[in-house]
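> Handing you a structure now.
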Amino acid sequence: MQNFTFCNPTKILFGKGRIQDLAKEIPAGQRVLVTYGGGSALASGTLGEVREALRHAAVTEFGGIEPNPSYETLMGAVKLARETGTEFILAVGGGSVMDGTKFIAAAVPFTGEDPWDLVVRKAPVKSALPFGTVVTMPATGSEMNSGAVITRRSLGTKLPFGSPLLFPRFSVLDPEKTYTLPPRQIGNGVVDAFVHTVEQYLTYPADAPMQDEFSEGILRTLIRVGPTTLAEPENYEARAAFVWAATLALNGLIGAGVPQDWATHMIGHELTAKFGLDHAQSLAVVLPSMLEERIGAKRAKLEQYAERVWGLRTAPEAIEATRAFFESLGVKTRLQDYGVGADAIPGLLAALEAHGMTALGERRDVTLDVSRRVLERAL
């Protein structure tokens with residue numbers, strides 16, 4: 001096991017009716033900016049409950065944060081927060097709203113020329129507004145980590161950024177607030193959480209049995225409850241297990257002290273930026289082909305994954321089971337399913353090169369040539 005430092009300061013308020021506890025978490029009289037996207041926050045009634053719970057605060061709202069939150073939209077929120085003297089931000093929504101809120105929290109006090117430097121130049125986050133989250137769409141785990149991914153539409157760019165100062169102070173996870181999500185978003189959410197786990201687990205043996213057991217437990221849980229929560233959206237126990245699994249998949253616990261991959265995510269980001277695929281759709285396309293291409297380097301963990309997660313014997317069987325699982329959730333796994341052909345590959349490789357993504361993976365051996373072969377397999 002590798003050396004590691006683990007600290008996660010986010011307080012979790014889990015279960016039915018926890019939105020009412022917002023009054024205990026945000027001091028009375030604070031100037032609060034509530035950020036949201038629109039769809040799930042409104043359809044679930046969550047935004048209305050938040051407004052009621054924040055009667056004691058001075059609330060301003062900023063809606064319209066889109067999937068794959070854009071710098072252009074978020075800068076509108078930054079301007080509003082500065083004008084209103086915002087002291088606390090509350091993100092109400094899924095991973096995009098939470099990621100966008102992390103950028104807003106860092107950008108409001110940023111004193112440099114352009115807050116985009118926080119993303120593209122990795123300018124240090126020296127201070128950030130405090131914020132919390134109310135989760136309406138489980139998937140990304142952004143409610144309990146300090147990372148985000150931001151898109152700049154004008155550049156066709158989607159890039160990660162983060163800072164230890166960008167952990168939410170608290171997150172409210174009420175499974176009932178996710179009941180109104182459409183099937184596409186639930187299928188996407190299960191895939192997203194699954195691939196987050198795989199990126200930290202399917203690398204090479206690191207003598208880290210606890211991390212392996214945690215990861216395998218998350219994967220088995222998603223395999224078991226994913227189809228149930230998709231078919232029975234108001235099955236509380238299945239939805240609660242899914243919500244918590246999505247959080248645990250990316251709160252830092254399973255990745256502590258072990259090698260991590262993330263090559264699938266980096267290639268997936270380029271697919272989303274250029275062709276508008278949902279984040280989980282891009283992951284479902286890339287991951288099976290990535291595992292096929294790197295089966296030799298990953299064989300030991302793939303065979304462990306096959307046995308412990310799927311009850312199978314071989315690495316190829318496990319890869320095929322993974323692809324079939326994604327398909328069973330309604331998330332297609334081939335580029336052609338999304339109208340993307342071989343002619344797109346040169347442009348995707350050029351984008352990877354432009355963004356410095358030329359030595360990816362747990363051993364930094366996923367070169368542009370390997371990425372090309374992965375994309376060719378994904379056709």
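Each chain in the structure tokens gets a letter, A, B and so on, in the order shown; residues start at 1 in every chain, and ligands are counted from 1 in the order they appear.
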As a list of chain:residue names, please: the residues near Arg377 (chain A) (cut-off 12 Å, only C-alpha atoms, same-chain neighbours under 4 positions excluded).

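Result of the neighbour search: A:Val285, A:Val286, A:Leu287, A:Pro288, A:Ser289, A:Met290, A:Leu291, A:Glu292, A:Glu293, A:Arg294, A:Thr333, A:Arg334, A:Leu335, A:Gln336, A:Gly341, A:Ala342, A:Ile345, A:Val370, A:Ser371, A:Arg372, A:Arg373.
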
> Would you write out those residues with N, CA, C and O atoms, as a PDB file, in the first residue's frame?


```
ATOM      1  N   VAL A 285     -18.786   4.198 -23.314  1.00  0.00           N
ATOM      2  CA  VAL A 285     -18.154   3.919 -24.598  1.00  0.00           C
ATOM      3  C   VAL A 285     -16.683   3.551 -24.408  1.00  0.00           C
ATOM      4  O   VAL A 285     -16.183   2.574 -24.978  1.00  0.00           O
ATOM      5  N   VAL A 286     -15.983   4.321 -23.596  1.00  0.00           N
ATOM      6  CA  VAL A 286     -14.530   4.187 -23.516  1.00  0.00           C
ATOM      7  C   VAL A 286     -14.094   3.026 -22.630  1.00  0.00           C
ATOM      8  O   VAL A 286     -13.155   2.288 -22.984  1.00  0.00           O
ATOM      9  N   LEU A 287     -14.734   2.826 -21.476  1.00  0.00           N
ATOM     10  CA  LEU A 287     -14.200   1.870 -20.498  1.00  0.00           C
ATOM     11  C   LEU A 287     -14.042   0.448 -21.030  1.00  0.00           C
ATOM     12  O   LEU A 287     -12.950  -0.134 -20.907  1.00  0.00           O
ATOM     13  N   PRO A 288     -15.071  -0.190 -21.606  1.00  0.00           N
ATOM     14  CA  PRO A 288     -14.868  -1.574 -22.067  1.00  0.00           C
ATOM     15  C   PRO A 288     -13.733  -1.695 -23.083  1.00  0.00           C
ATOM     16  O   PRO A 288     -12.942  -2.653 -23.034  1.00  0.00           O
ATOM     17  N   SER A 289     -13.641  -0.731 -23.986  1.00  0.00           N
ATOM     18  CA  SER A 289     -12.572  -0.766 -24.982  1.00  0.00           C
ATOM     19  C   SER A 289     -11.212  -0.507 -24.354  1.00  0.00           C
ATOM     20  O   SER A 289     -10.200  -1.095 -24.759  1.00  0.00           O
ATOM     21  N   MET A 290     -11.169   0.359 -23.352  1.00  0.00           N
ATOM     22  CA  MET A 290      -9.928   0.608 -22.622  1.00  0.00           C
ATOM     23  C   MET A 290      -9.453  -0.672 -21.932  1.00  0.00           C
ATOM     24  O   MET A 290      -8.256  -1.014 -21.966  1.00  0.00           O
ATOM     25  N   LEU A 291     -10.380  -1.390 -21.316  1.00  0.00           N
ATOM     26  CA  LEU A 291     -10.006  -2.633 -20.628  1.00  0.00           C
ATOM     27  C   LEU A 291      -9.548  -3.690 -21.623  1.00  0.00           C
ATOM     28  O   LEU A 291      -8.599  -4.440 -21.352  1.00  0.00           O
ATOM     29  N   GLU A 292     -10.201  -3.772 -22.769  1.00  0.00           N
ATOM     30  CA  GLU A 292      -9.771  -4.724 -23.802  1.00  0.00           C
ATOM     31  C   GLU A 292      -8.366  -4.402 -24.288  1.00  0.00           C
ATOM     32  O   GLU A 292      -7.528  -5.302 -24.452  1.00  0.00           O
ATOM     33  N   GLU A 293      -8.112  -3.131 -24.535  1.00  0.00           N
ATOM     34  CA  GLU A 293      -6.811  -2.714 -25.060  1.00  0.00           C
ATOM     35  C   GLU A 293      -5.689  -2.943 -24.044  1.00  0.00           C
ATOM     36  O   GLU A 293      -4.569  -3.284 -24.417  1.00  0.00           O
ATOM     37  N   ARG A 294      -5.985  -2.809 -22.764  1.00  0.00           N
ATOM     38  CA  ARG A 294      -4.944  -2.884 -21.734  1.00  0.00           C
ATOM     39  C   ARG A 294      -5.066  -4.156 -20.897  1.00  0.00           C
ATOM     40  O   ARG A 294      -4.595  -4.207 -19.763  1.00  0.00           O
ATOM     41  N   THR A 333     -22.775   1.569 -25.626  1.00  0.00           N
ATOM     42  CA  THR A 333     -21.337   1.446 -25.393  1.00  0.00           C
ATOM     43  C   THR A 333     -20.485   1.505 -26.658  1.00  0.00           C
ATOM     44  O   THR A 333     -19.303   1.153 -26.626  1.00  0.00           O
ATOM     45  N   ARG A 334     -21.066   1.970 -27.756  1.00  0.00           N
ATOM     46  CA  ARG A 334     -20.314   2.088 -28.999  1.00  0.00           C
ATOM     47  C   ARG A 334     -20.429   3.509 -29.543  1.00  0.00           C
ATOM     48  O   ARG A 334     -21.497   4.132 -29.480  1.00  0.00           O
ATOM     49  N   LEU A 335     -19.354   4.019 -30.117  1.00  0.00           N
ATOM     50  CA  LEU A 335     -19.378   5.353 -30.694  1.00  0.00           C
ATOM     51  C   LEU A 335     -20.464   5.483 -31.755  1.00  0.00           C
ATOM     52  O   LEU A 335     -21.130   6.522 -31.853  1.00  0.00           O
ATOM     53  N   GLN A 336     -20.646   4.446 -32.545  1.00  0.00           N
ATOM     54  CA  GLN A 336     -21.636   4.502 -33.611  1.00  0.00           C
ATOM     55  C   GLN A 336     -23.049   4.682 -33.064  1.00  0.00           C
ATOM     56  O   GLN A 336     -23.928   5.221 -33.753  1.00  0.00           O
ATOM     57  N   GLY A 341     -18.191   8.560 -35.840  1.00  0.00           N
ATOM     58  CA  GLY A 341     -17.488   7.591 -36.666  1.00  0.00           C
ATOM     59  C   GLY A 341     -15.985   7.702 -36.572  1.00  0.00           C
ATOM     60  O   GLY A 341     -15.433   8.510 -35.806  1.00  0.00           O
ATOM     61  N   ALA A 342     -15.307   6.908 -37.381  1.00  0.00           N
ATOM     62  CA  ALA A 342     -13.842   6.862 -37.355  1.00  0.00           C
ATOM     63  C   ALA A 342     -13.217   8.195 -37.737  1.00  0.00           C
ATOM     64  O   ALA A 342     -12.097   8.508 -37.314  1.00  0.00           O
ATOM     65  N   ILE A 345     -11.824  10.433 -34.879  1.00  0.00           N
ATOM     66  CA  ILE A 345     -10.698  10.048 -34.027  1.00  0.00           C
ATOM     67  C   ILE A 345      -9.518  11.005 -34.120  1.00  0.00           C
ATOM     68  O   ILE A 345      -8.955  11.394 -33.085  1.00  0.00           O
ATOM     69  N   VAL A 370      -2.050   4.547 -27.911  1.00  0.00           N
ATOM     70  CA  VAL A 370      -2.960   3.673 -27.163  1.00  0.00           C
ATOM     71  C   VAL A 370      -4.368   4.254 -27.182  1.00  0.00           C
ATOM     72  O   VAL A 370      -5.355   3.523 -27.398  1.00  0.00           O
ATOM     73  N   SER A 371      -4.493   5.553 -26.975  1.00  0.00           N
ATOM     74  CA  SER A 371      -5.814   6.182 -27.018  1.00  0.00           C
ATOM     75  C   SER A 371      -6.472   5.995 -28.374  1.00  0.00           C
ATOM     76  O   SER A 371      -7.690   5.773 -28.468  1.00  0.00           O
ATOM     77  N   ARG A 372      -5.668   6.082 -29.435  1.00  0.00           N
ATOM     78  CA  ARG A 372      -6.216   5.853 -30.783  1.00  0.00           C
ATOM     79  C   ARG A 372      -6.787   4.444 -30.897  1.00  0.00           C
ATOM     80  O   ARG A 372      -7.901   4.247 -31.405  1.00  0.00           O
ATOM     81  N   ARG A 373      -6.038   3.446 -30.408  1.00  0.00           N
ATOM     82  CA  ARG A 373      -6.515   2.060 -30.495  1.00  0.00           C
ATOM     83  C   ARG A 373      -7.767   1.850 -29.652  1.00  0.00           C
ATOM     84  O   ARG A 373      -8.680   1.091 -30.041  1.00  0.00           O
TER      85      ARG A 373
END
```

> I want to know what sits within 10 Å of region 302-308 of chain A, based on only C-alpha atoms, with residues of the same chain fewer than 4 positions away left out; could you give that as a PyMOL selection string?

chain A and resi 198+201-205+212-213+215-217+219-220+291+295-298+312-319+321-322

> Which is closer to Ala28 (chain A) than all the others in A:Ala256, A:Leu129, A:Ile186, A:Leu54, using only C-alpha atoms?

A:Leu54

> Name the closest residue to Val309 (chain A) among the candidates A:Leu222, A:Ala91, A:Ala123, A:Val78; distances are taken between atoms, counting only C-alpha atoms.

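Counting only C-alpha atoms, the residue closest to Val309 (chain A) is A:Leu222.
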
> Calculated over only C-alpha atoms, which of the candidates A:Met357, A:Ile150, A:Leu375, A:Ala206 has the smallest distance to Lys301 (chain A)?

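Checking each candidate against Lys301 (chain A), we get A:Ala206 as the closest.
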
> Any idea what's packed within 12 Å of Gly339 (chain A), counting only C-alpha atoms, ignoring anything in its chain fewer than 5 positions away? Could you give it as a ChimeraX atom specification?

/A:271,275-277,332-334,344,379

> Neighbouring residues of region 1-14 of chain A were defined as those with any atom within 8 Å, considering only C-alpha atoms; residues of the same chain fewer than 2 positions away were excluded. Please report them as a ChimeraX atom specification.

/A:16,18,144-145,167-174,206-208,251-253,256-258

> Could you please take those selected residues and save N, CA and C atoms as a PDB file, in the first residue's frame?


```pdb
ATOM      1  N   LYS A  16     -34.602  10.743   4.785  1.00  0.00           N
ATOM      2  CA  LYS A  16     -35.840  11.468   4.513  1.00  0.00           C
ATOM      3  C   LYS A  16     -35.938  12.735   5.367  1.00  0.00           C
ATOM      4  N   ARG A  18     -34.326  15.552   5.460  1.00  0.00           N
ATOM      5  CA  ARG A  18     -33.158  16.238   6.008  1.00  0.00           C
ATOM      6  C   ARG A  18     -32.992  17.675   5.496  1.00  0.00           C
ATOM      7  N   MET A 144     -19.162  15.086  -1.949  1.00  0.00           N
ATOM      8  CA  MET A 144     -18.257  14.731  -0.859  1.00  0.00           C
ATOM      9  C   MET A 144     -16.815  14.677  -1.340  1.00  0.00           C
ATOM     10  N   ASN A 145     -16.484  15.518  -2.319  1.00  0.00           N
ATOM     11  CA  ASN A 145     -15.087  15.629  -2.733  1.00  0.00           C
ATOM     12  C   ASN A 145     -14.767  17.073  -3.102  1.00  0.00           C
ATOM     13  N   PHE A 167     -14.050  21.338  -0.645  1.00  0.00           N
ATOM     14  CA  PHE A 167     -14.973  20.352  -0.088  1.00  0.00           C
ATOM     15  C   PHE A 167     -16.248  21.067   0.370  1.00  0.00           C
ATOM     16  N   PRO A 168     -17.424  20.519   0.090  1.00  0.00           N
ATOM     17  CA  PRO A 168     -18.637  21.091   0.679  1.00  0.00           C
ATOM     18  C   PRO A 168     -18.575  21.037   2.207  1.00  0.00           C
ATOM     19  N   ARG A 169     -19.136  22.066   2.856  1.00  0.00           N
ATOM     20  CA  ARG A 169     -19.212  22.033   4.316  1.00  0.00           C
ATOM     21  C   ARG A 169     -20.150  20.905   4.764  1.00  0.00           C
ATOM     22  N   PHE A 170     -21.232  20.725   4.008  1.00  0.00           N
ATOM     23  CA  PHE A 170     -22.197  19.658   4.300  1.00  0.00           C
ATOM     24  C   PHE A 170     -22.901  19.294   3.007  1.00  0.00           C
ATOM     25  N   SER A 171     -23.509  18.122   2.986  1.00  0.00           N
ATOM     26  CA  SER A 171     -24.338  17.709   1.855  1.00  0.00           C
ATOM     27  C   SER A 171     -25.562  16.972   2.370  1.00  0.00           C
ATOM     28  N   VAL A 172     -26.710  17.334   1.817  1.00  0.00           N
ATOM     29  CA  VAL A 172     -27.980  16.689   2.147  1.00  0.00           C
ATOM     30  C   VAL A 172     -28.273  15.640   1.090  1.00  0.00           C
ATOM     31  N   LEU A 173     -28.438  14.392   1.525  1.00  0.00           N
ATOM     32  CA  LEU A 173     -28.741  13.281   0.622  1.00  0.00           C
ATOM     33  C   LEU A 173     -30.067  12.661   1.051  1.00  0.00           C
ATOM     34  N   ASP A 174     -31.141  13.075   0.424  1.00  0.00           N
ATOM     35  CA  ASP A 174     -32.464  12.509   0.666  1.00  0.00           C
ATOM     36  C   ASP A 174     -32.852  11.707  -0.573  1.00  0.00           C
ATOM     37  N   ALA A 206      -1.886  -3.721  -5.229  1.00  0.00           N
ATOM     38  CA  ALA A 206      -1.115  -2.789  -4.397  1.00  0.00           C
ATOM     39  C   ALA A 206      -1.115  -3.214  -2.933  1.00  0.00           C
ATOM     40  N   ASP A 207      -1.458  -4.493  -2.674  1.00  0.00           N
ATOM     41  CA  ASP A 207      -1.516  -4.978  -1.293  1.00  0.00           C
ATOM     42  C   ASP A 207      -2.357  -4.056  -0.418  1.00  0.00           C
ATOM     43  N   ALA A 208      -3.527  -3.728  -0.910  1.00  0.00           N
ATOM     44  CA  ALA A 208      -4.448  -2.845  -0.196  1.00  0.00           C
ATOM     45  C   ALA A 208      -5.795  -3.556  -0.084  1.00  0.00           C
ATOM     46  N   ASN A 251     -15.409   9.740  -2.810  1.00  0.00           N
ATOM     47  CA  ASN A 251     -15.142  10.634  -1.670  1.00  0.00           C
ATOM     48  C   ASN A 251     -13.715  10.486  -1.145  1.00  0.00           C
ATOM     49  N   GLY A 252     -12.869   9.766  -1.899  1.00  0.00           N
ATOM     50  CA  GLY A 252     -11.465   9.637  -1.547  1.00  0.00           C
ATOM     51  C   GLY A 252     -11.100   8.388  -0.792  1.00  0.00           C
ATOM     52  N   LEU A 253     -12.078   7.711  -0.221  1.00  0.00           N
ATOM     53  CA  LEU A 253     -11.786   6.571   0.646  1.00  0.00           C
ATOM     54  C   LEU A 253     -11.181   5.404  -0.116  1.00  0.00           C
ATOM     55  N   ALA A 256      -7.513   5.921  -1.511  1.00  0.00           N
ATOM     56  CA  ALA A 256      -6.399   6.221  -0.610  1.00  0.00           C
ATOM     57  C   ALA A 256      -5.372   5.086  -0.630  1.00  0.00           C
ATOM     58  N   GLY A 257      -4.143   5.410  -0.949  1.00  0.00           N
ATOM     59  CA  GLY A 257      -3.066   4.430  -0.874  1.00  0.00           C
ATOM     60  C   GLY A 257      -2.989   3.444  -2.016  1.00  0.00           C
ATOM     61  N   VAL A 258      -3.723   3.679  -3.094  1.00  0.00           N
ATOM     62  CA  VAL A 258      -3.694   2.757  -4.233  1.00  0.00           C
ATOM     63  C   VAL A 258      -3.462   3.540  -5.523  1.00  0.00           C
TER      64      VAL A 258
END
```

> Give me, as a ChimeraX atom specification, the residues of region 40-213 of chain A that a backbone DSSP run labels alpha helix (DSSP H).

/A:40-43,46-53,71-84,95-107,117-120,183-201,209-213

> Give me the residues of region 220-334 of chain A that have any atom at most 10 Å from an atom of region 57-74 of chain A; for each, the nearest atom pair and the distance in Å, rounded to one decimal. Use only C-alpha atoms, sort by chain and number, and format it as a tab-separated table.


```
residue	atom	partner	partner_atom	distance
A:His269	CA	A:Asn68	CA	9.6
A:Thr272	CA	A:Asn68	CA	8.3
A:Ala273	CA	A:Asn68	CA	8.5
A:Gly276	CA	A:Asn68	CA	9.1
A:Leu277	CA	A:Asn68	CA	10.0
A:Asp278	CA	A:Pro67	CA	8.1
A:His279	CA	A:Asn68	CA	7.8
```
